[in-house]
Structures are given as structure tokens and as C-alpha cells.
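A.B. asks: Below is the file run-v1.tsv, with TSV, C-alpha atoms.
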```tsv
chain	number	residue	atom	x	y	z
A	162	MET	CA	163.96	-64.61	-79.78
A	163	THR	CA	167.02	-65.55	-81.85
A	164	THR	CA	169.40	-63.82	-79.42
A	165	ALA	CA	167.87	-65.63	-76.48
A	166	LEU	CA	168.25	-68.99	-78.19
A	167	VAL	CA	171.84	-68.58	-79.34
A	168	GLY	CA	173.14	-68.55	-75.80
A	169	ALA	CA	170.70	-71.12	-74.53
A	170	ALA	CA	172.83	-74.23	-74.91
A	171	GLY	CA	174.35	-75.69	-71.78
A	172	SER	CA	172.48	-76.01	-68.53
A	173	PRO	CA	169.12	-77.79	-68.22
A	174	ARG	CA	167.69	-74.56	-66.81
A	175	ARG	CA	168.54	-72.65	-69.98
A	176	TYR	CA	167.25	-75.49	-72.11
A	177	LEU	CA	163.91	-75.46	-70.30
A	178	HIS	CA	163.74	-71.66	-70.55
A	179	SER	CA	164.32	-71.81	-74.30
A	180	LEU	CA	161.80	-74.64	-74.59
A	181	TRP	CA	159.19	-72.47	-72.90
A	182	LEU	CA	160.01	-69.49	-75.14
A	183	LEU	CA	159.56	-71.55	-78.30
A	184	SER	CA	156.36	-73.20	-77.06
A	185	ALA	CA	154.88	-69.86	-76.03
A	186	ARG	CA	155.79	-68.46	-79.44
A	187	ASP	CA	153.99	-71.35	-81.14
A	188	LEU	CA	150.84	-70.70	-79.11
A	189	ARG	CA	150.93	-66.95	-79.76
A	190	VAL	CA	151.39	-67.42	-83.51
A	191	ARG	CA	148.67	-70.07	-83.65
A	192	TYR	CA	146.03	-67.86	-82.04
A	193	ALA	CA	147.28	-64.36	-82.95
A	194	THR	CA	144.60	-63.80	-85.62
A	195	SER	CA	141.90	-65.98	-84.03
A	196	ALA	CA	138.92	-64.44	-82.27
A	197	LEU	CA	138.14	-67.67	-80.41
A	198	GLY	CA	141.73	-68.28	-79.34
A	199	TYR	CA	142.43	-71.60	-77.68
A	200	LEU	CA	138.79	-72.63	-78.04
A	201	TRP	CA	139.69	-73.85	-81.52
A	202	SER	CA	141.71	-76.64	-79.88
A	203	VAL	CA	138.51	-77.70	-78.11
A	204	LEU	CA	136.13	-77.39	-81.05
A	205	ASP	CA	137.87	-80.03	-83.17
A	206	PRO	CA	137.52	-82.96	-80.74
A	207	LEU	CA	134.14	-81.68	-79.56
A	208	VAL	CA	132.67	-81.60	-83.08
A	209	MET	CA	134.16	-85.03	-83.82
A	210	SER	CA	132.65	-86.39	-80.60
A	211	LEU	CA	129.22	-85.00	-81.43
A	212	ILE	CA	129.34	-86.46	-84.95
A	213	TYR	CA	130.28	-89.95	-83.76
A	214	TRP	CA	127.77	-89.73	-80.90
A	215	PHE	CA	125.00	-88.85	-83.36
A	216	VAL	CA	125.97	-91.57	-85.86
A	217	PHE	CA	126.31	-94.35	-83.30
A	218	THR	CA	123.36	-93.43	-81.07
A	219	GLN	CA	120.80	-91.74	-83.29
A	220	VAL	CA	121.41	-93.27	-86.73
A	221	PHE	CA	122.82	-96.75	-86.11
A	222	GLY	CA	122.58	-99.11	-83.20
A	223	ARG	CA	125.68	-98.96	-81.04
A	224	GLY	CA	127.34	-102.11	-79.82
A	225	VAL	CA	130.59	-100.60	-78.57
A	226	GLY	CA	131.66	-98.30	-75.78
A	227	GLU	CA	129.81	-97.41	-72.60
A	228	GLU	CA	127.25	-94.89	-71.42
A	229	PRO	CA	127.37	-91.94	-71.43
A	230	TYR	CA	128.85	-92.47	-74.87
A	231	ILE	CA	129.65	-88.78	-75.44
A	232	VAL	CA	131.99	-88.89	-72.41
A	233	PHE	CA	133.41	-92.19	-73.64
A	234	LEU	CA	134.31	-90.49	-76.93
A	235	ILE	CA	135.70	-87.27	-75.47
A	236	THR	CA	138.04	-89.09	-73.08
A	237	ALA	CA	139.88	-90.53	-76.09
A	238	LEU	CA	139.36	-87.84	-78.72
A	239	LEU	CA	140.96	-85.08	-76.64
A	240	PRO	CA	144.30	-86.93	-76.24
A	241	TRP	CA	144.03	-88.15	-79.85
A	242	VAL	CA	143.94	-84.55	-81.09
A	243	TRP	CA	147.10	-83.87	-79.06
A	244	PHE	CA	148.78	-86.93	-80.57
A	245	ASN	CA	147.61	-86.29	-84.13
A	246	ALA	CA	148.49	-82.58	-84.12
A	247	ALA	CA	151.94	-83.19	-82.61
A	248	VAL	CA	152.89	-85.98	-85.03
A	249	GLY	CA	151.63	-83.89	-87.94
A	250	ASP	CA	153.84	-80.99	-86.86
A	251	PHE	CA	156.86	-83.28	-86.37
A	252	THR	CA	157.02	-83.70	-90.14
A	253	LYS	CA	157.86	-79.96	-90.45
A	254	ALA	CA	159.71	-79.50	-87.16
A	255	PHE	CA	163.09	-78.68	-88.76
A	256	SER	CA	162.15	-77.40	-92.20
A	257	LYS	CA	159.77	-74.79	-90.75
A	258	ASP	CA	162.58	-73.07	-88.79
A	259	ALA	CA	165.56	-74.24	-90.84
A	260	ARG	CA	167.54	-71.03	-90.35
A	261	LEU	CA	167.26	-71.14	-86.57
A	262	VAL	CA	167.98	-74.86	-86.47
A	263	ARG	CA	171.23	-74.31	-88.39
A	264	SER	CA	172.39	-71.14	-86.64
A	265	THR	CA	171.64	-71.71	-82.95
A	266	ALA	CA	173.80	-73.65	-80.50
A	267	ILE	CA	170.83	-75.03	-78.60
A	268	PRO	CA	170.33	-78.83	-78.73
A	269	ARG	CA	168.21	-79.60	-81.79
A	270	SER	CA	165.90	-81.89	-79.80
A	271	ILE	CA	164.21	-78.74	-78.56
A	272	TRP	CA	162.49	-78.33	-81.95
A	273	VAL	CA	160.68	-81.59	-81.25
A	274	ASN	CA	160.04	-81.02	-77.57
A	275	ARG	CA	158.52	-77.58	-78.11
A	276	ILE	CA	155.83	-79.19	-80.29
A	277	VAL	CA	155.06	-81.77	-77.61
A	278	LEU	CA	154.84	-79.04	-74.98
A	279	SER	CA	152.73	-76.54	-76.94
A	280	LYS	CA	150.26	-79.21	-78.10
A	281	GLY	CA	150.24	-80.64	-74.57
A	282	ILE	CA	149.28	-77.26	-73.14
A	283	GLU	CA	146.38	-77.07	-75.60
A	284	PHE	CA	145.30	-80.54	-74.45
A	285	LEU	CA	145.37	-79.52	-70.78
A	286	PHE	CA	143.30	-76.43	-71.58
A	287	SER	CA	140.72	-78.69	-73.22
A	288	LEU	CA	140.18	-80.87	-70.12
A	289	PRO	CA	137.52	-78.56	-68.62
A	290	VAL	CA	135.33	-79.54	-71.59
A	291	LEU	CA	135.57	-83.16	-70.48
A	292	ALA	CA	134.60	-82.16	-66.94
A	293	ILE	CA	131.59	-80.20	-68.20
A	294	PHE	CA	130.28	-83.06	-70.33
A	295	ALA	CA	130.94	-85.59	-67.56
A	296	ILE	CA	128.85	-83.54	-65.12
A	297	ALA	CA	126.11	-82.80	-67.66
A	298	ALA	CA	125.84	-86.44	-68.75
A	299	GLY	CA	125.91	-87.78	-65.20
A	300	ALA	CA	129.06	-89.84	-65.65
A	301	GLN	CA	130.26	-91.77	-62.62
A	302	VAL	CA	133.66	-90.66	-61.33
A	303	GLY	CA	136.05	-92.97	-59.51
A	304	TRP	CA	139.58	-93.16	-58.17
A	305	GLY	CA	140.67	-94.14	-61.64
A	306	LEU	CA	140.98	-90.43	-62.42
A	307	LEU	CA	144.33	-90.62	-60.63
A	308	TRP	CA	145.62	-92.53	-63.67
A	309	ILE	CA	145.20	-89.47	-65.91
A	310	PRO	CA	148.57	-87.90	-64.92
A	311	VAL	CA	150.21	-91.25	-65.69
A	312	ALA	CA	148.50	-91.26	-69.09
A	313	VAL	CA	149.76	-87.72	-69.77
A	314	LEU	CA	153.30	-88.76	-68.80
A	315	LEU	CA	153.24	-91.86	-71.02
A	316	GLN	CA	151.82	-89.90	-73.94
A	317	THR	CA	154.56	-87.29	-73.52
A	318	VAL	CA	157.22	-90.02	-73.54
A	319	LEU	CA	155.68	-91.59	-76.64
A	320	LEU	CA	155.45	-88.28	-78.50
A	321	VAL	CA	159.03	-87.28	-77.69
A	322	GLY	CA	160.26	-90.64	-78.97
A	323	LEU	CA	158.18	-90.42	-82.14
A	324	GLY	CA	159.21	-86.82	-82.70
A	325	LEU	CA	162.92	-87.61	-82.43
A	326	LEU	CA	162.37	-90.31	-85.04
A	327	VAL	CA	159.88	-88.67	-87.43
A	328	ALA	CA	161.33	-85.13	-87.56
A	329	PRO	CA	164.81	-85.99	-88.94
A	330	LEU	CA	163.49	-88.72	-91.24
A	331	CYS	CA	161.07	-86.27	-92.88
A	332	VAL	CA	163.95	-83.92	-93.67
A	333	LEU	CA	165.92	-86.70	-95.34
A	334	TRP	CA	162.94	-88.25	-97.15
A	335	GLY	CA	160.29	-85.69	-98.09
A	336	ASP	CA	157.68	-88.29	-99.06
A	337	LEU	CA	157.45	-89.37	-95.42
A	338	GLU	CA	155.39	-86.27	-94.66
A	339	ARG	CA	152.51	-87.50	-96.82
A	340	THR	CA	153.06	-91.08	-95.64
A	341	THR	CA	152.74	-89.95	-92.03
A	342	ARG	CA	149.36	-88.38	-92.75
A	343	LEU	CA	148.10	-91.64	-94.25
A	344	ILE	CA	149.39	-93.61	-91.27
A	345	LEU	CA	147.62	-91.25	-88.87
A	346	ARG	CA	144.31	-91.73	-90.68
A	347	ALA	CA	144.62	-95.50	-90.44
A	348	LEU	CA	145.81	-95.31	-86.84
A	349	PHE	CA	142.68	-93.43	-85.81
A	350	TYR	CA	140.52	-96.46	-86.60
A	351	ALA	CA	143.12	-98.92	-85.29
A	352	THR	CA	143.09	-97.17	-81.91
A	353	PRO	CA	140.34	-97.64	-79.27
A	354	ILE	CA	138.65	-94.26	-79.69
A	355	ILE	CA	135.11	-94.90	-80.94
A	356	TYR	CA	135.32	-98.31	-79.27
A	357	GLY	CA	137.16	-99.71	-76.25
A	358	VAL	CA	139.79	-102.42	-75.88
A	359	ALA	CA	137.12	-104.60	-74.25
A	360	ASP	CA	135.00	-104.42	-77.42
A	361	LEU	CA	137.67	-106.18	-79.49
A	362	PRO	CA	137.68	-109.96	-80.02
A	363	ALA	CA	139.91	-111.78	-77.53
A	364	GLY	CA	142.55	-112.64	-80.12
A	365	ILE	CA	142.83	-109.07	-81.36
A	366	GLN	CA	142.99	-107.55	-77.88
A	367	HIS	CA	146.52	-108.88	-77.34
A	368	LEU	CA	147.59	-107.58	-80.75
A	369	ALA	CA	146.01	-104.18	-80.08
A	370	ALA	CA	148.03	-103.91	-76.88
A	371	PHE	CA	151.12	-103.27	-79.01
A	372	ASN	CA	149.54	-99.96	-80.04
A	373	PRO	CA	150.75	-97.83	-77.11
A	374	LEU	CA	147.76	-95.51	-77.49
A	375	ALA	CA	145.46	-98.38	-76.48
A	376	GLY	CA	146.97	-98.51	-73.01
A	377	ILE	CA	147.22	-94.73	-72.73
A	378	PHE	CA	143.57	-94.18	-73.67
A	379	THR	CA	142.56	-96.93	-71.24
A	380	LEU	CA	144.17	-94.88	-68.45
A	381	TYR	CA	142.29	-91.75	-69.56
A	382	ARG	CA	138.97	-93.64	-69.51
A	383	VAL	CA	139.19	-95.80	-66.43
A	384	GLY	CA	138.24	-92.95	-64.08
A	385	PHE	CA	134.81	-92.79	-65.72
A	386	PHE	CA	134.51	-96.36	-67.00
A	387	PRO	CA	136.18	-98.87	-64.62
A	388	GLY	CA	135.12	-101.72	-66.90
A	389	GLN	CA	137.60	-100.49	-69.51
A	390	TRP	CA	140.56	-101.43	-67.32
A	391	ASP	CA	142.89	-103.75	-69.22
A	392	PRO	CA	146.22	-104.38	-67.48
A	393	VAL	CA	147.78	-106.07	-70.52
A	394	SER	CA	147.28	-103.06	-72.82
A	395	VAL	CA	148.45	-100.67	-70.09
A	396	ILE	CA	151.65	-102.58	-69.26
A	397	VAL	CA	152.54	-103.38	-72.87
A	398	GLY	CA	151.67	-99.82	-73.90
A	399	ALA	CA	153.95	-98.36	-71.22
A	400	VAL	CA	156.82	-100.57	-72.36
A	401	MET	CA	156.21	-99.55	-75.97
A	402	CYS	CA	156.29	-95.85	-75.03
A	403	PHE	CA	159.76	-96.13	-73.50
A	404	LEU	CA	160.89	-98.36	-76.36
A	405	PHE	CA	159.89	-95.66	-78.85
A	406	LEU	CA	161.75	-93.11	-76.72
A	407	ALA	CA	164.93	-95.21	-76.74
A	408	VAL	CA	164.72	-95.79	-80.51
A	409	GLY	CA	164.00	-92.10	-81.08
A	410	ILE	CA	167.03	-90.97	-79.06
A	411	TRP	CA	169.28	-93.46	-80.85
A	412	ALA	CA	167.99	-92.47	-84.30
A	413	PHE	CA	168.19	-88.75	-83.58
A	414	ARG	CA	171.83	-88.99	-82.58
A	415	ARG	CA	172.63	-90.89	-85.76
A	416	LEU	CA	170.66	-88.57	-88.07
A	417	GLU	CA	171.33	-85.12	-86.58
A	418	ARG	CA	174.43	-84.40	-88.66
A	419	PRO	CA	172.92	-85.54	-92.01
A	420	VAL	CA	169.84	-83.43	-91.24
A	421	LEU	CA	171.93	-80.30	-90.68
A	422	LYS	CA	173.68	-80.88	-94.02
A	423	GLU	CA	170.32	-81.31	-95.76
A	424	LEU	CA	168.88	-78.12	-94.25
```
I'd like the structure from this file rewritten - as C-alpha cells, please.
C.D. replies:
Amino acid sequence: MTTALVGAAGSPRRYLHSLWLLSARDLRVRYATSALGYLWSVLDPLVMSLIYWFVFTQVFGRGVGEEPYIVFLITALLPWVWFNAAVGDFTKAFSKDARLVRSTAIPRSIWVNRIVLSKGIEFLFSLPVLAIFAIAAGAQVGWGLLWIPVAVLLQTVLLVGLGLLVAPLCVLWGDLERTTRLILRALFYATPIIYGVADLPAGIQHLAAFNPLAGIFTLYRVGFFPGQWDPVSVIVGAVMCFLFLAVGIWAFRRLERPVLKEL
């Protein structure tokens, strides 16, 4: 692996090849000692969905979301797990492989992008679970499903931007790793997951649009729940995704040298 990476700098083709090698390594290591393999990436959002479904349909009266509520939850929880797992791993992106980061000539952005790719592959493998529950629950399917690839693209852009920002900052300031975990916990409830953008009061809807995940999750849901379409959150969310990417690229270029000295 190390030999392959040392000579990988240069052409985009070599960069992509090295990116795939690192992502495949991450997936192999993650599931090497697991009997269930990639199913673990499905169980987390599935168990969370079942818990929230039970609480909001069997224990308390539900005034948010749409029916079938289990599908409503899964359409947001699956991409949330991708987002949450990737951002969590960004905090250790460089420190985990410090020796390779220092010694290889490959662009250091690959240590961020391999996390986005490996977690994204796990997300794509989890989509059949959504299809199964949608069929079992009798969810209506519309042309809005064509927005899902756009949602995946926007989420990828957002994650790359956040990764280029979070990864170097966590090397320079160790406390940011714990801070990031706290922010993720708060962000879960500030993001339309157990509720939809349409469930928010009118004044808050415009504020929520500045959370790029609101627009992204709207695109994931609209194929099953056309009433969730909210053009403001989608447009603002898309702009925010590319804004985070631009800030991430700028910050990464400024911080790359100090990070290498710190490692």
C-alpha cells in the first residue's frame, strides 16, 4: 500500500486510483472481523428509525412528518449516518495515518476524500433497505426519485468542504474533536430528520434553509413525499454546499504546511 501511494502524485488517474485503494482499505479494515459485514452500516439507521417510529406513533401522538412515517425517517436517517460518520472520522483523518501523511507525495486532500468515498459507498449499499421498507409500507413513488443523485452529489460536495476544513483544524487544536461531537449531536435535532421542513413555523423555515442538510434531505424525501418539496431550502442548501467547499479548499491550502509540522 505504501509503495503504491508514494508514486501516486501527479495525474488525476493516479490520484483516483490511490483514492480507491485507501477507501477499499478502510472498508476491509472496518469489516475484517465482523460476521455481518456491511450490514452493520444498515443496522444503525434502521434501529434508530424503528425507535423513533415507535416513540412517535405508538407512545406519543405524532404531529410531524408524513405517512408511512418509517419511510419518512429512513429517507433522512440513512444520509445522516453517512454525514455523521464522515464528519466524525474527519477529526482523525490525519492523526490516524500520520506516518503516511508525512511520507507520501500524494496530495493530502486524499485523506479527506477517502473518508467521503468509503462512507458514501456504505450509504449506497444501505439504499436497498429503503426500497424494501418503501415497498412493504406501501409508500407512493414519484418522479422526485430523480432528485436522489443530485442529493448525493450535493452531500458529497458538502462533506468534502467540511472535511478539508475540519481535518486540519483538529490537528492544530485537539479540543475540536470533542467539540465536533457535541455539534453533531445538536445538529441532529436542528436538521429535518424526525420532522420535515414543512413542519417548522414559517419564520424558522427560512432560517433552517441555511442548514445545507435541510435542502439535501428534502431532495432525498421528495420522491416519496412530494409535499416536502421546498425550493428555498434546496436552493439555499445547494449554495451553502459549494460555499463550504470553497472555504474548505481555501482553509486547507493555508493550513496544510502547519499541519505537516504538527504531525
A.B. asks: Show me as number ranges by chain the residues that reach within 12 Å of (132.3, -88.3, -76.1), counting all atoms listed in the file and using the file's own coordinates.
C.D. replies: A: 206-215, 217-218, 226-239, 290-295, 297-298, 300, 354-356, 382, 385
A.B. asks: Mind listing as a tab-separated table (two decimals) with C-alpha atoms, in the frame of the given file all residues within 9 Å of (165.8, -87.1, -84.2), counting only C-alpha atoms?
C.D. replies:
```tsv
chain	number	residue	atom	x	y	z
A	269	ARG	CA	168.21	-79.60	-81.79
A	270	SER	CA	165.90	-81.89	-79.80
A	273	VAL	CA	160.68	-81.59	-81.25
A	322	GLY	CA	160.26	-90.64	-78.97
A	323	LEU	CA	158.18	-90.42	-82.14
A	324	GLY	CA	159.21	-86.82	-82.70
A	325	LEU	CA	162.92	-87.61	-82.43
A	326	LEU	CA	162.37	-90.31	-85.04
A	327	VAL	CA	159.88	-88.67	-87.43
A	328	ALA	CA	161.33	-85.13	-87.56
A	329	PRO	CA	164.81	-85.99	-88.94
A	330	LEU	CA	163.49	-88.72	-91.24
A	409	GLY	CA	164.00	-92.10	-81.08
A	410	ILE	CA	167.03	-90.97	-79.06
A	411	TRP	CA	169.28	-93.46	-80.85
A	412	ALA	CA	167.99	-92.47	-84.30
A	413	PHE	CA	168.19	-88.75	-83.58
A	414	ARG	CA	171.83	-88.99	-82.58
A	415	ARG	CA	172.63	-90.89	-85.76
A	416	LEU	CA	170.66	-88.57	-88.07
A	417	GLU	CA	171.33	-85.12	-86.58
A	420	VAL	CA	169.84	-83.43	-91.24
```
A.B. asks: Between CA of Ser394 in chain A and CA of Ala246 in chain A, what distance in Å does the model show, to one decimal?
C.D. replies: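 About the pair CA of Ser394 in chain A and CA of Ala246 in chain A: they are 23.4 Å apart.
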A.B. asks: Using all atoms listed in the file for the distances, tell me which of A:Tyr176, A:Trp308, A:Phe378, A:Trp334 is nearest to Lys253 in chain A.
C.D. replies: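 Under the stated criterion, the closest residue is A:Trp334.
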A.B. asks: For Tyr381 in chain A, please output as JSON, numbers by chain all residues within 9 Å (counting all atoms listed in the file; exclusion window: fewer than 4 positions along the same chain).
C.D. replies: {"A": [236, 237, 240, 305, 306, 308, 309, 310, 311, 312, 313, 376, 377, 385]}
A.B. asks: Would you put the residues from that selection into a file with C-alpha atoms, as a short mmCIF file (atom, residue, chain, number, x, y, z; two decimals), keeping the file's coordinate frame?
C.D. replies:
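Dumped everything to out_0.cif:
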```cif
data_model
loop_
_atom_site.label_atom_id
_atom_site.label_comp_id
_atom_site.auth_asym_id
_atom_site.auth_seq_id
_atom_site.Cartn_x
_atom_site.Cartn_y
_atom_site.Cartn_z
CA THR A 236 138.04 -89.09 -73.08
CA ALA A 237 139.88 -90.53 -76.09
CA PRO A 240 144.30 -86.93 -76.24
CA GLY A 305 140.67 -94.14 -61.64
CA LEU A 306 140.98 -90.43 -62.42
CA TRP A 308 145.62 -92.53 -63.67
CA ILE A 309 145.20 -89.47 -65.91
CA PRO A 310 148.57 -87.90 -64.92
CA VAL A 311 150.21 -91.25 -65.69
CA ALA A 312 148.50 -91.26 -69.09
CA VAL A 313 149.76 -87.72 -69.77
CA GLY A 376 146.97 -98.51 -73.01
CA ILE A 377 147.22 -94.73 -72.73
CA PHE A 385 134.81 -92.79 -65.72
#
```
A.B. asks: Between CA of Leu343 in chain A and CA of Ser256 in chain A, what is the spacing in Å?
C.D. replies: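 Taking CA of Ser256 in chain A as the start and CA of Leu343 in chain A as the end point, the length is 20.1 Å.
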A.B. asks: Which one of A:Ala407, A:Val216, A:Val400, A:Ile276 sits closest to Arg186 in chain A if you count all atoms listed in the file?
C.D. replies: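 Checking each of A:Ala407, A:Val216, A:Val400, A:Ile276 against Arg186 in chain A, counting all atoms listed in the file, the winner is A:Ile276.
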A.B. asks: So that I can check the surroundings of Leu348 in chain A, please list as a list in words every protein, DNA and RNA residue that reaches within 12 Å of it, counting only C-alpha atoms and ignoring chain neighbours fewer than 2 positions away.
C.D. replies: Trp241, Phe244, Asn245, Val248, Thr341, Arg342, Leu343, Ile344, Leu345, Arg346, Tyr350, Ala351, Thr352, Pro353, Ile354, Ala369, Asn372, Pro373, Leu374 and Ala375 of chain A
A.B. asks: Quick one: of A:Val203, A:Gly249, A:Gly388, A:Trp272, who's nearest to Leu285 in chain A, counting all atoms listed in the file?
C.D. replies: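 Of the candidates, the smallest distance to Leu285 in chain A is held by A:Val203.
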A.B. asks: Measuring atom to atom with all atoms listed in the file, identify which of A:Asp250, A:Asp205, A:Glu283, A:Asp360 is nearest to Leu320 in chain A.
C.D. replies: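 Distance minimum relative to Leu320 in chain A lands on A:Asp250.
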A.B. asks: Point out the residue among A:Leu421, A:Val321, A:Leu337, A:Ala247 with the least atom-to-atom distance to Ser264 in chain A, counting only C-alpha atoms.
C.D. replies: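 Nearest candidate to Ser264 in chain A out of A:Leu421, A:Val321, A:Leu337, A:Ala247: A:Leu421.
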